[in-house]
>>> print(open('query.txt').read())   # compact mmCIF, C-alpha atoms
# COMPACT_ATOMS: atom_id res chain seq x y z
CA MET A 2 -42.18 56.30 -8.66
CA SER A 3 -40.20 56.48 -5.44
CA ARG A 4 -40.63 59.39 -3.05
CA ALA A 5 -38.08 61.34 -1.00
CA PHE A 6 -38.31 63.10 2.37
CA LEU A 7 -35.65 65.54 3.59
CA ILE A 8 -36.12 66.28 7.30
CA VAL A 9 -34.05 68.97 9.01
CA LEU A 10 -33.68 68.87 12.80
CA ASP A 11 -32.90 72.55 13.12
CA SER A 12 -29.60 73.10 14.98
CA VAL A 13 -28.86 69.44 15.88
CA GLY A 14 -25.15 69.66 15.10
CA ILE A 15 -22.57 67.05 16.00
CA GLY A 16 -19.38 69.10 16.39
CA GLY A 17 -16.16 68.70 14.46
CA ALA A 18 -16.42 71.56 11.94
CA PRO A 19 -12.88 72.09 10.65
CA ASP A 20 -13.39 75.87 10.48
CA ALA A 21 -15.14 76.27 13.86
CA ALA A 22 -12.39 78.61 15.08
CA ASP A 23 -13.47 81.14 12.44
CA PHE A 24 -16.89 81.50 14.10
CA ALA A 25 -17.89 82.53 17.60
CA SER A 26 -20.77 82.64 20.06
CA GLY A 27 -20.73 85.00 22.99
CA GLY A 28 -17.36 86.22 21.80
CA VAL A 29 -15.83 82.74 22.22
CA PRO A 30 -14.67 80.71 19.18
CA ASP A 31 -16.88 77.74 18.34
CA THR A 32 -13.95 75.34 18.56
CA GLY A 33 -15.20 72.39 20.59
CA ALA A 34 -18.92 73.22 20.32
CA ASN A 35 -20.94 70.03 19.95
CA THR A 36 -24.71 70.28 20.31
CA LEU A 37 -25.62 66.60 20.43
CA GLY A 38 -22.41 65.45 22.09
CA HIS A 39 -22.72 67.89 24.96
CA ILE A 40 -26.42 67.17 25.47
CA ALA A 41 -25.60 63.45 25.68
CA ARG A 42 -22.79 64.21 28.13
CA GLU A 43 -25.01 66.30 30.39
CA CYS A 44 -27.80 63.71 30.36
CA ALA A 45 -25.41 60.90 31.25
CA ALA A 46 -24.01 62.98 34.13
CA GLY A 47 -27.48 63.58 35.58
CA ARG A 48 -27.41 67.31 34.77
CA ALA A 49 -30.45 67.34 32.46
CA GLU A 50 -33.21 66.18 34.76
CA ASP A 51 -35.91 68.81 34.20
CA GLY A 52 -38.90 66.88 32.83
CA ARG A 53 -36.82 63.83 31.96
CA SER A 54 -34.12 61.69 33.54
CA GLY A 55 -31.03 59.64 32.82
CA PRO A 56 -28.97 59.11 29.67
CA LEU A 57 -30.23 60.51 26.37
CA ARG A 58 -32.53 57.93 24.76
CA LEU A 59 -32.88 58.11 20.98
CA PRO A 60 -33.17 54.46 19.92
CA VAL A 61 -34.64 55.09 16.45
CA LEU A 62 -32.26 57.81 15.28
CA ASP A 63 -29.33 56.06 16.95
CA GLY A 64 -30.30 52.91 15.11
CA LEU A 65 -30.06 54.84 11.85
CA GLY A 66 -26.53 55.90 12.84
CA LEU A 67 -26.81 59.08 14.92
CA GLY A 68 -24.27 58.09 17.58
CA ALA A 69 -21.91 56.74 14.95
CA ALA A 70 -22.18 60.00 13.00
CA LEU A 71 -21.40 61.98 16.15
CA ARG A 72 -18.27 59.96 16.80
CA LEU A 73 -17.20 60.27 13.16
CA ALA A 74 -17.74 64.03 13.02
CA SER A 75 -15.98 65.04 16.19
CA GLY A 76 -14.42 62.03 17.87
CA ALA A 77 -16.53 62.84 20.91
CA PRO A 78 -17.99 60.09 23.09
CA SER A 79 -21.70 59.43 22.66
CA PRO A 80 -23.07 58.16 26.00
CA GLY A 81 -26.47 56.58 25.44
CA LEU A 82 -25.99 56.62 21.65
CA GLU A 83 -24.00 53.49 20.97
CA ALA A 84 -26.19 51.35 18.71
CA THR A 85 -24.86 49.43 15.72
CA PRO A 86 -26.38 51.32 12.77
CA ILE A 87 -28.93 49.63 10.54
CA GLY A 88 -29.24 52.70 8.27
CA LEU A 89 -26.95 54.54 5.90
CA TRP A 90 -25.11 57.18 7.90
CA GLY A 91 -22.42 59.83 7.75
CA ALA A 92 -21.57 63.42 8.69
CA ALA A 93 -21.71 66.49 6.46
CA THR A 94 -19.46 69.55 6.39
CA GLU A 95 -20.65 72.99 5.29
CA VAL A 96 -18.64 75.29 3.01
CA SER A 97 -20.90 78.39 3.07
CA LYS A 98 -19.45 81.13 5.26
CA GLY A 99 -22.37 81.32 7.63
CA LYS A 100 -23.88 79.28 10.45
CA ASP A 101 -27.42 80.46 9.80
CA THR A 102 -30.66 78.93 8.57
CA PRO A 103 -30.57 80.02 4.89
CA SER A 104 -26.91 79.03 4.44
CA GLY A 105 -27.48 75.54 5.84
CA HIS A 106 -30.76 74.86 4.05
CA TRP A 107 -29.67 76.24 0.69
CA GLU A 108 -26.50 74.18 0.75
CA LEU A 109 -28.41 71.03 1.74
CA ALA A 110 -30.58 71.81 -1.30
CA GLY A 111 -27.52 71.98 -3.54
CA VAL A 112 -26.62 75.70 -3.52
CA PRO A 113 -23.73 76.89 -1.33
CA VAL A 114 -23.88 80.61 -0.59
CA PRO A 115 -21.51 82.40 -3.01
CA TRP A 116 -21.23 85.67 -1.07
CA ASP A 117 -20.37 86.93 2.39
CA TRP A 118 -23.42 87.88 4.42
CA THR A 119 -23.77 91.32 5.96
CA TYR A 120 -23.82 91.33 9.76
CA PHE A 121 -24.73 94.23 12.01
CA PRO A 122 -22.17 95.31 14.64
CA ASP A 123 -22.66 94.35 18.27
CA ALA A 124 -22.98 97.97 19.29
CA GLN A 125 -25.65 100.55 20.04
CA PRO A 126 -26.95 101.66 17.67
CA ALA A 127 -26.57 98.49 15.59
CA PHE A 128 -28.37 99.73 12.48
CA PRO A 129 -27.48 102.45 9.94
CA ALA A 130 -29.52 105.65 10.23
CA ASP A 131 -31.08 105.22 6.78
CA VAL A 132 -32.39 101.76 7.71
CA VAL A 133 -33.94 103.13 10.90
CA ALA A 134 -35.48 105.98 8.93
CA GLU A 135 -37.00 103.53 6.45
CA VAL A 136 -38.51 101.44 9.27
CA CYS A 137 -40.05 104.58 10.72
CA ARG A 138 -41.41 105.69 7.35
CA LEU A 139 -42.94 102.30 6.56
CA ALA A 140 -44.41 101.88 10.04
CA GLY A 141 -45.58 105.47 10.36
CA VAL A 142 -43.77 105.99 13.67
CA GLU A 143 -41.24 108.48 15.00
CA GLY A 144 -38.68 105.98 16.28
CA ILE A 145 -37.75 102.40 17.06
CA LEU A 146 -36.85 100.52 20.22
CA GLY A 147 -33.89 98.20 20.67
CA ASN A 148 -31.48 98.91 17.81
CA CYS A 149 -29.08 96.33 19.24
CA HIS A 150 -28.06 92.70 19.49
CA ASP A 151 -30.30 90.75 21.86
CA SER A 152 -32.21 87.54 22.50
CA GLY A 153 -35.74 87.64 21.13
CA THR A 154 -37.46 86.66 24.35
CA ALA A 155 -35.23 88.88 26.50
CA ILE A 156 -35.78 92.00 24.44
CA ILE A 157 -39.56 91.55 24.52
CA ASP A 158 -39.47 91.24 28.30
CA ARG A 159 -37.25 94.32 28.53
CA LEU A 160 -38.96 96.61 26.02
CA GLY A 161 -42.46 95.21 25.63
CA ALA A 162 -44.08 97.65 28.02
CA GLU A 163 -42.43 100.64 26.33
CA HIS A 164 -43.57 99.26 22.96
CA LEU A 165 -47.17 99.20 24.21
CA THR A 166 -46.85 102.82 25.38
CA THR A 167 -45.08 104.31 22.35
CA GLY A 168 -46.26 102.05 19.53
CA TRP A 169 -42.66 101.90 18.28
CA PRO A 170 -41.50 98.53 16.85
CA ILE A 171 -38.73 96.62 18.64
CA CYS A 172 -35.83 96.11 16.20
CA TYR A 173 -32.90 93.84 16.99
CA THR A 174 -30.39 91.46 15.47
CA SER A 175 -28.03 88.64 16.43
CA ALA A 176 -24.81 87.05 15.27
CA ASP A 177 -26.75 85.90 12.18
CA SER A 178 -27.40 88.06 9.14
CA VAL A 179 -30.89 89.10 10.26
CA PHE A 180 -33.03 92.14 10.99
CA GLN A 181 -35.83 91.21 13.39
CA ILE A 182 -38.87 93.26 14.31
CA ALA A 183 -40.99 92.34 17.33
CA ALA A 184 -44.43 93.86 17.86
CA HIS A 185 -47.61 93.10 19.77
CA GLU A 186 -50.12 91.30 17.57
CA GLU A 187 -53.13 93.17 18.92
CA VAL A 188 -51.72 96.62 19.76
CA PHE A 189 -49.40 97.07 16.77
CA GLY A 190 -51.25 94.59 14.56
CA LEU A 191 -50.07 91.34 12.99
CA GLU A 192 -50.83 92.34 9.40
CA ARG A 193 -49.09 95.67 9.93
CA LEU A 194 -45.99 93.93 11.30
CA VAL A 195 -45.84 91.41 8.45
CA ASN A 196 -46.30 94.16 5.85
CA LEU A 197 -43.57 96.21 7.50
CA CYS A 198 -41.09 93.35 7.30
CA ARG A 199 -42.08 92.47 3.75
CA ASP A 200 -41.74 96.05 2.54
CA LEU A 201 -38.40 96.57 4.32
CA SER A 202 -36.83 93.36 3.02
CA PRO A 203 -35.82 94.54 -0.50
CA LEU A 204 -33.60 97.27 0.99
CA LEU A 205 -31.84 94.83 3.32
CA HIS A 206 -31.64 91.99 0.80
CA GLY A 207 -29.88 94.40 -1.53
CA ARG A 208 -27.22 94.75 1.16
CA ARG A 209 -26.84 90.97 1.61
CA VAL A 210 -28.76 90.79 4.87
CA GLY A 211 -30.18 87.28 4.78
CA ARG A 212 -33.55 87.66 6.47
CA VAL A 213 -36.04 90.16 7.77
CA ILE A 214 -38.11 88.41 10.42
CA ALA A 215 -41.48 89.38 11.90
CA ARG A 216 -41.61 88.35 15.57
CA PRO A 217 -45.16 88.90 16.87
CA PHE A 218 -46.01 88.50 20.53
CA LEU A 219 -49.00 88.76 22.86
CA GLY A 220 -49.58 89.33 26.56
CA ALA A 221 -48.95 92.04 29.10
CA PRO A 222 -45.85 93.24 30.98
CA GLY A 223 -44.35 90.36 32.91
CA ALA A 224 -46.20 87.82 30.79
CA PHE A 225 -45.27 88.46 27.15
CA ALA A 226 -45.03 85.42 24.88
CA ARG A 227 -44.13 85.06 21.21
CA THR A 228 -46.81 83.58 18.96
CA PRO A 229 -46.53 81.02 16.14
CA ASN A 230 -47.19 83.72 13.53
CA ARG A 231 -43.53 84.42 12.78
CA ARG A 232 -42.76 85.27 9.16
CA ASP A 233 -39.33 85.15 7.55
CA PHE A 234 -38.59 87.21 4.45
CA ALA A 235 -35.41 85.61 3.14
CA ILE A 236 -33.25 86.68 0.24
CA ALA A 237 -33.86 84.37 -2.73
CA PRO A 238 -31.34 81.58 -3.37
CA PRO A 239 -28.79 82.59 -6.01
CA ALA A 240 -29.40 79.50 -8.17
CA PRO A 241 -32.04 76.78 -8.62
CA THR A 242 -32.25 74.45 -5.62
CA LEU A 243 -33.41 70.87 -5.18
CA LEU A 244 -36.97 72.20 -4.87
CA ASP A 245 -36.62 73.84 -8.29
CA TRP A 246 -35.04 70.73 -9.76
CA ALA A 247 -37.92 68.57 -8.57
CA SER A 248 -40.71 70.94 -9.56
CA GLY A 249 -39.04 71.56 -12.91
CA ALA A 250 -39.05 67.80 -13.53
CA GLY A 251 -42.80 67.74 -12.95
CA ARG A 252 -42.68 66.36 -9.41
CA GLN A 253 -44.97 67.53 -6.65
CA THR A 254 -43.06 69.31 -3.88
CA HIS A 255 -44.24 69.73 -0.29
CA ALA A 256 -42.74 72.21 2.21
CA ILE A 257 -43.36 71.68 5.93
CA GLY A 258 -42.74 74.47 8.45
CA LYS A 259 -40.58 77.45 7.53
CA ILE A 260 -39.15 75.88 4.35
CA GLY A 261 -41.38 78.15 2.25
CA ASP A 262 -39.94 81.28 3.86
CA ILE A 263 -36.34 80.04 3.66
CA PHE A 264 -36.59 79.44 -0.08
CA SER A 265 -38.72 82.51 -0.88
CA HIS A 266 -41.49 80.05 -1.87
CA ARG A 267 -39.56 79.05 -4.99
CA GLY A 268 -40.07 75.54 -6.32
CA ILE A 269 -42.76 74.77 -3.73
CA GLY A 270 -46.02 73.18 -4.80
CA LYS A 271 -47.81 72.84 -1.46
CA LEU A 272 -47.01 74.51 1.87
CA HIS A 273 -47.90 72.91 5.22
CA LYS A 274 -47.69 75.10 8.33
CA GLY A 275 -48.47 74.44 12.00
CA LYS A 276 -48.45 76.11 15.39
CA ASP A 277 -45.63 73.90 16.71
CA ASP A 278 -43.39 70.96 15.85
CA ALA A 279 -46.08 68.47 16.90
CA ALA A 280 -48.45 69.91 14.31
CA LEU A 281 -45.68 69.87 11.71
CA PHE A 282 -44.98 66.21 12.43
CA ASP A 283 -48.67 65.46 11.90
CA HIS A 284 -48.22 66.87 8.38
CA LEU A 285 -45.14 64.70 7.87
CA ASP A 286 -47.00 61.55 8.95
CA ARG A 287 -49.89 62.40 6.64
CA LEU A 288 -47.59 62.97 3.69
CA ALA A 289 -45.77 59.70 4.40
CA SER A 290 -49.15 58.03 3.92
CA ASP A 291 -50.60 60.17 1.15
CA ALA A 292 -47.95 62.10 -0.81
CA GLU A 293 -47.93 61.54 -4.54
CA PRO A 294 -45.63 58.98 -6.25
CA GLY A 295 -42.33 60.61 -7.15
CA SER A 296 -42.91 63.57 -4.82
CA PHE A 297 -40.37 65.41 -2.70
CA THR A 298 -41.14 66.57 0.85
CA PHE A 299 -38.83 69.04 2.63
CA ALA A 300 -39.48 69.60 6.36
CA ASN A 301 -37.93 71.81 9.02
CA PHE A 302 -38.46 71.27 12.76
CA VAL A 303 -37.43 74.55 14.35
CA GLU A 304 -38.15 74.15 18.07
CA PHE A 305 -34.84 72.46 18.90
CA ASP A 306 -33.25 75.76 17.87
CA SER A 307 -35.81 78.39 18.83
CA ASN A 308 -37.07 76.97 22.12
CA PHE A 309 -33.99 75.27 23.55
CA GLY A 310 -30.73 76.01 21.72
CA HIS A 311 -30.85 79.81 21.86
CA ARG A 312 -32.20 79.64 25.40
CA ARG A 313 -29.36 77.30 26.43
CA ASP A 314 -31.87 74.82 27.88
CA VAL A 315 -30.18 71.41 27.93
CA SER A 316 -33.04 69.50 29.56
CA GLY A 317 -35.58 71.01 27.18
CA TYR A 318 -33.43 70.17 24.17
CA ALA A 319 -33.03 66.58 25.38
CA ARG A 320 -36.80 66.25 25.96
CA ALA A 321 -37.47 67.53 22.44
CA LEU A 322 -35.00 65.06 20.93
CA GLU A 323 -36.58 62.13 22.79
CA TRP A 324 -40.08 63.21 21.73
CA PHE A 325 -38.93 63.55 18.13
CA ASP A 326 -37.27 60.13 18.16
CA ALA A 327 -40.55 58.51 19.22
CA ARG A 328 -42.37 60.26 16.37
CA VAL A 329 -39.71 59.13 13.88
CA GLY A 330 -40.30 55.53 14.87
CA HIS A 331 -43.96 55.80 13.81
CA PHE A 332 -43.13 57.83 10.69
CA LEU A 333 -40.80 55.14 9.38
CA THR A 334 -43.62 52.57 9.52
CA LEU A 335 -45.65 54.78 7.16
CA LEU A 336 -43.06 54.88 4.39
CA GLN A 337 -43.79 52.94 1.22
CA PRO A 338 -41.45 50.51 -0.56
CA GLY A 339 -38.86 52.49 -2.49
CA ASP A 340 -39.14 55.64 -0.35
CA MET A 341 -36.05 57.36 1.04
CA ALA A 342 -35.99 59.57 4.13
CA VAL A 343 -32.95 61.68 5.05
CA PHE A 344 -32.56 63.16 8.55
CA THR A 345 -30.02 65.96 8.93
CA ALA A 346 -29.47 69.44 10.40
CA ASP A 347 -28.52 72.91 9.15
CA HIS A 348 -26.02 74.06 11.83
CA GLY A 349 -25.45 73.68 15.57
CA ASN A 350 -26.79 75.52 18.62
CA ASP A 351 -24.99 73.97 21.56
CA PRO A 352 -27.08 74.65 24.69
CA THR A 353 -23.99 74.25 26.88
CA TRP A 354 -21.97 76.83 24.91
CA PHE A 355 -21.26 80.50 25.46
CA GLY A 356 -23.66 83.22 24.39
CA THR A 357 -27.04 82.52 22.79
CA GLU A 358 -26.02 82.02 19.17
CA HIS A 359 -25.72 79.22 16.63
CA THR A 360 -22.51 77.20 16.69
CA ARG A 361 -20.46 76.08 13.69
CA GLU A 362 -20.63 72.27 13.51
CA ARG A 363 -20.87 69.30 11.20
CA VAL A 364 -24.31 67.70 10.94
CA PRO A 365 -25.55 64.10 10.83
CA VAL A 366 -26.81 62.54 7.62
CA LEU A 367 -29.03 59.53 8.37
CA VAL A 368 -30.76 57.72 5.51
CA ALA A 369 -33.69 55.32 5.89
CA GLY A 370 -34.78 53.17 2.98
CA LYS A 371 -31.38 52.48 1.43
CA GLY A 372 -30.11 49.73 3.69
CA PRO A 373 -27.10 49.89 6.01
CA GLY A 374 -23.80 51.48 5.15
CA THR A 375 -21.34 54.25 5.88
CA LEU A 376 -21.17 57.53 3.95
CA ASP A 377 -18.16 58.76 5.93
CA LEU A 378 -17.65 62.53 5.70
CA CYS A 379 -19.59 64.20 2.92
CA ALA A 380 -20.68 67.69 1.87
CA PHE A 381 -23.98 69.40 2.59
CA ALA A 382 -24.59 69.66 -1.16
CA ASP A 383 -24.20 65.88 -1.51
CA VAL A 384 -27.58 65.54 0.21
CA ALA A 385 -29.32 67.32 -2.68
CA ALA A 386 -27.42 65.36 -5.32
CA SER A 387 -28.31 62.08 -3.61
CA ILE A 388 -32.01 62.90 -3.35
CA ALA A 389 -32.04 63.93 -7.02
CA HIS A 390 -30.39 60.60 -7.88
CA HIS A 391 -33.03 58.73 -5.89
CA LEU A 392 -35.85 60.65 -7.59
CA GLN A 393 -34.20 60.15 -10.99
CA ILE A 394 -34.22 63.84 -11.82
CA PRO A 395 -31.36 66.00 -13.15
CA ALA A 396 -29.14 67.55 -10.48
CA GLN A 397 -27.24 70.83 -10.64
CA GLY A 398 -24.57 72.34 -8.41
CA PRO A 399 -21.42 70.96 -6.81
CA GLY A 400 -22.86 68.01 -4.89
CA ARG A 401 -22.13 64.35 -5.63
CA SER A 402 -24.52 61.53 -4.91
CA PHE A 403 -23.50 59.18 -2.11
CA LEU A 404 -25.98 56.52 -3.28
>>> encode(input="query.txt", output="structure tokens")
Amino acid sequence: MSRAFLIVLDSVGIGGAPDAADFASGGVPDTGANTLGHIARECAAGRAEDGRSGPLRLPVLDGLGLGAALRLASGAPSPGLEATPIGLWGAATEVSKGKDTPSGHWELAGVPVPWDWTYFPDAQPAFPADVVAEVCRLAGVEGILGNCHDSGTAIIDRLGAEHLTTGWPICYTSADSVFQIAAHEEVFGLERLVNLCRDLSPLLHGRRVGRVIARPFLGAPGAFARTPNRRDFAIAPPAPTLLDWASGAGRQTHAIGKIGDIFSHRGIGKLHKGKDDAALFDHLDRLASDAEPGSFTFANFVEFDSNFGHRRDVSGYARALEWFDARVGHFLTLLQPGDMAVFTADHGNDPTWFGTEHTRERVPVLVAGKGPGTLDLCAFADVAASIAHHLQIPAQGPGRSFL
């Protein structure tokens, strides 16, 4: 039986979302945001030279249709990404009313979000008093730090020393529907932090807050650094997803990276974690060689988003894309006859844009293993329907197969 691989390049959007004006980053509408297009522009202009140089070079993904998808999605030029595609390619548009990780991943897996997420106001305090009181009760502390919108790395630098002195957890949010708690792994305790987030999550999920995220860090004042031990406690999808469809049909399912957390571990047979994207790609290569016939592998590569998009680091984002492209070239040689691999994204995070937040964009859909062709514009949910068609399992939801 043929296998399928769904690989999400977290935040690698390609602009062109028709409803971008309804979303904002840094108080500025996302109209015109284009993660990949603007990175390519900056590289071609010689403005992304930190650790790399020259035009953006992604020969493998561009060969599958990445540059063509960018031009289709937004009409933007694609300097350095001008190959004639040899893969099946298109651009997908999201309908869920969020530009966050769960919305994008659930819809790619066949389930658009049927509700409006709850967002915390960009004010101080950001959180209701009863939520703060529950954090304090669960943590056994008299107060919290933060209680605001902020960047995760910035708030640790700003409040880390006070956290070490008081023992109070650092609580913050963003433009996404999230409640994040940062704490020192050794002083506060990693298990204590994870338990705090887990125990708090039912209250916030009941209010349609998408995720409660544990953000552990280590180090001393002036040298704090987040660790790989992040845990996301996400609200469960409102309907069976592609993972459930596959597992329900008796297929083995593999989740690489934070897929398990995003889907509340539903429909997942085996979970593969790693300290960074390089370790996660090692899992992907191994599964390309060894995964069971008829299996489905779902992978997320988060560092484009977490390390470079939110930090508005164009050179770093470009370096990560070029590294990833080289790994994809090897991965494709490991696929077996009949396999299908789909490369896509969940939202944008334009490192040239305002603020530090995700940006509302279309995403590429690049398919290896199905020959050349054009998908044109499609829906996020069409990805799930197409993978189900390839695996010959029943599909649910609104998507339509493009195969």
>>> residues_around(input="query.txt", residues="His106 of chain A", least_positions_apart="2", cutoff="10 Å", atoms="all atoms listed in the file", output="PyMOL selection string")
chain A and resi 9+11+101-104+108-113+242+260+263-264+301+346-348+381-382
>>> closest_residue(input="query.txt", among="A:Val114, A:Ala21, A:Val303, A:Ala327", to="Gly398 of chain A", atoms="all atoms listed in the file")
A:Val114
>>> residues_around(input="query.txt", residues="Pro352 of chain A", least_positions_apart="4", cutoff="10 Å", atoms="all atoms listed in the file", output="PDB file with C-alpha atoms, in the frame of the given file")
ATOM      1  CA  ALA A  34     -18.920  73.220  20.320  1.00  0.00           C
ATOM      2  CA  ASN A  35     -20.940  70.030  19.950  1.00  0.00           C
ATOM      3  CA  THR A  36     -24.710  70.280  20.310  1.00  0.00           C
ATOM      4  CA  LEU A  37     -25.620  66.600  20.430  1.00  0.00           C
ATOM      5  CA  HIS A  39     -22.720  67.890  24.960  1.00  0.00           C
ATOM      6  CA  ILE A  40     -26.420  67.170  25.470  1.00  0.00           C
ATOM      7  CA  PHE A 305     -34.840  72.460  18.900  1.00  0.00           C
ATOM      8  CA  ASP A 306     -33.250  75.760  17.870  1.00  0.00           C
ATOM      9  CA  PHE A 309     -33.990  75.270  23.550  1.00  0.00           C
ATOM     10  CA  GLY A 310     -30.730  76.010  21.720  1.00  0.00           C
ATOM     11  CA  HIS A 311     -30.850  79.810  21.860  1.00  0.00           C
ATOM     12  CA  ARG A 312     -32.200  79.640  25.400  1.00  0.00           C
ATOM     13  CA  ARG A 313     -29.360  77.300  26.430  1.00  0.00           C
ATOM     14  CA  ASP A 314     -31.870  74.820  27.880  1.00  0.00           C
ATOM     15  CA  VAL A 315     -30.180  71.410  27.930  1.00  0.00           C
ATOM     16  CA  SER A 316     -33.040  69.500  29.560  1.00  0.00           C
ATOM     17  CA  GLY A 317     -35.580  71.010  27.180  1.00  0.00           C
ATOM     18  CA  TYR A 318     -33.430  70.170  24.170  1.00  0.00           C
ATOM     19  CA  GLY A 356     -23.660  83.220  24.390  1.00  0.00           C
ATOM     20  CA  THR A 357     -27.040  82.520  22.790  1.00  0.00           C
ATOM     21  CA  GLU A 358     -26.020  82.020  19.170  1.00  0.00           C
ATOM     22  CA  HIS A 359     -25.720  79.220  16.630  1.00  0.00           C
ATOM     23  CA  THR A 360     -22.510  77.200  16.690  1.00  0.00           C
TER      24      THR A 360
END
>>> residues_around(input="query.txt", residues="Leu335 of chain A", least_positions_apart="3", cutoff="8 Å", atoms="all atoms listed in the file", output="PyMOL selection string")
chain A and resi 286+289-290+331-332
>>> residues_around(input="query.txt", residues="Leu191 of chain A", least_positions_apart="5", cutoff="12 Å", atoms="only C-alpha atoms", output="PDB file with C-alpha atoms, keeping the file's coordinate frame")
ATOM      1  CA  PRO A 170     -41.500  98.530  16.850  1.00  0.00           C
ATOM      2  CA  ILE A 182     -38.870  93.260  14.310  1.00  0.00           C
ATOM      3  CA  ALA A 183     -40.990  92.340  17.330  1.00  0.00           C
ATOM      4  CA  ALA A 184     -44.430  93.860  17.860  1.00  0.00           C
ATOM      5  CA  HIS A 185     -47.610  93.100  19.770  1.00  0.00           C
ATOM      6  CA  GLU A 186     -50.120  91.300  17.570  1.00  0.00           C
ATOM      7  CA  ASN A 196     -46.300  94.160   5.850  1.00  0.00           C
ATOM      8  CA  LEU A 197     -43.570  96.210   7.500  1.00  0.00           C
ATOM      9  CA  CYS A 198     -41.090  93.350   7.300  1.00  0.00           C
ATOM     10  CA  ALA A 215     -41.480  89.380  11.900  1.00  0.00           C
ATOM     11  CA  ARG A 216     -41.610  88.350  15.570  1.00  0.00           C
ATOM     12  CA  PRO A 217     -45.160  88.900  16.870  1.00  0.00           C
ATOM     13  CA  PHE A 218     -46.010  88.500  20.530  1.00  0.00           C
ATOM     14  CA  LEU A 219     -49.000  88.760  22.860  1.00  0.00           C
ATOM     15  CA  ARG A 227     -44.130  85.060  21.210  1.00  0.00           C
ATOM     16  CA  THR A 228     -46.810  83.580  18.960  1.00  0.00           C
ATOM     17  CA  PRO A 229     -46.530  81.020  16.140  1.00  0.00           C
ATOM     18  CA  ASN A 230     -47.190  83.720  13.530  1.00  0.00           C
ATOM     19  CA  ARG A 231     -43.530  84.420  12.780  1.00  0.00           C
ATOM     20  CA  ARG A 232     -42.760  85.270   9.160  1.00  0.00           C
TER      21      ARG A 232
END
>>> residues_around(input="query.txt", residues="Asp277 of chain A", least_positions_apart="3", cutoff="8 Å", atoms="only C-alpha atoms", output="mmCIF file with C-alpha atoms, in the coordinates of the input")
data_model
loop_
_atom_site.group_PDB
_atom_site.id
_atom_site.type_symbol
_atom_site.label_atom_id
_atom_site.label_comp_id
_atom_site.auth_asym_id
_atom_site.auth_seq_id
_atom_site.Cartn_x
_atom_site.Cartn_y
_atom_site.Cartn_z
ATOM 1 C CA PRO A 229 -46.530 81.020 16.140
ATOM 2 C CA ALA A 280 -48.450 69.910 14.310
ATOM 3 C CA LEU A 281 -45.680 69.870 11.710
ATOM 4 C CA GLU A 304 -38.150 74.150 18.070
#
>>> axis_aligned_box(input="query.txt", around="segment 313-324 of chain A", padding_each_side="8 Å", output="AutoDock Vina command-line options")
--center_x -34.7 --center_y 69.7 --center_z 25.2 --size_x 26.7 --size_y 31.2 --size_z 24.6
>>> atom_distance(input="query.txt", atom1="atom CA of Pro30 of chain A", atom2="atom CA of Ser307 of chain A")
21.3 Å
>>> closest_residue(input="query.txt", among="A:Leu367, A:Ala22, A:Ala380, A:Leu322", to="Leu67 of chain A", atoms="only C-alpha atoms")
A:Leu367
>>> atom_distance(input="query.txt", atom1="atom CA of Arg401 of chain A", atom2="atom CA of Ala386 of chain A")
5.4 Å
>>> closest_residue(input="query.txt", among="A:Phe282, A:Gly400, A:Ala70, A:Phe355", to="Val13 of chain A", atoms="only C-alpha atoms")
A:Ala70
>>> atom_distance(input="query.txt", atom1="atom CA of Trp90 of chain A", atom2="atom CA of His391 of chain A")
16.0 Å
>>> closest_residue(input="query.txt", among="A:Ser265, A:Thr254, A:Thr32, A:Ser387", to="Pro294 of chain A", atoms="all atoms listed in the file")
A:Thr254
>>> closest_residue(input="query.txt", among="A:Pro126, A:Gly38, A:Gly17, A:Gly153", to="Glu362 of chain A", atoms="all atoms listed in the file")
A:Gly17
>>> closest_residue(input="query.txt", among="A:Gly147, A:Gly105, A:Gly275, A:Pro222", to="Ser12 of chain A", atoms="all atoms listed in the file")
A:Gly105
>>> decode(input="query.txt", residues="segment 183-190 of chain A", atoms="N, CA and C atoms", output="compact mmCIF listing (two decimals), in the first residue's frame")
# COMPACT_ATOMS: atom_id res chain seq x y z
N ALA A 183 5.88 31.13 31.13
CA ALA A 183 7.33 30.91 31.10
C ALA A 183 7.83 30.74 32.53
N ALA A 184 8.72 29.78 32.72
CA ALA A 184 9.30 29.56 34.05
C ALA A 184 10.64 28.87 33.89
N HIS A 185 11.51 29.08 34.87
CA HIS A 185 12.85 28.51 34.85
C HIS A 185 12.77 27.02 35.15
N GLU A 186 13.38 26.21 34.30
CA GLU A 186 13.29 24.76 34.44
C GLU A 186 13.81 24.27 35.79
N GLU A 187 14.87 24.87 36.28
CA GLU A 187 15.50 24.37 37.50
C GLU A 187 14.93 25.05 38.76
N VAL A 188 14.68 26.34 38.70
CA VAL A 188 14.21 27.06 39.88
C VAL A 188 12.73 26.81 40.13
N PHE A 189 11.91 26.97 39.10
CA PHE A 189 10.47 26.71 39.21
C PHE A 189 10.18 25.22 39.07
N GLY A 190 10.88 24.59 38.13
CA GLY A 190 10.72 23.15 37.90
C GLY A 190 9.94 22.87 36.63
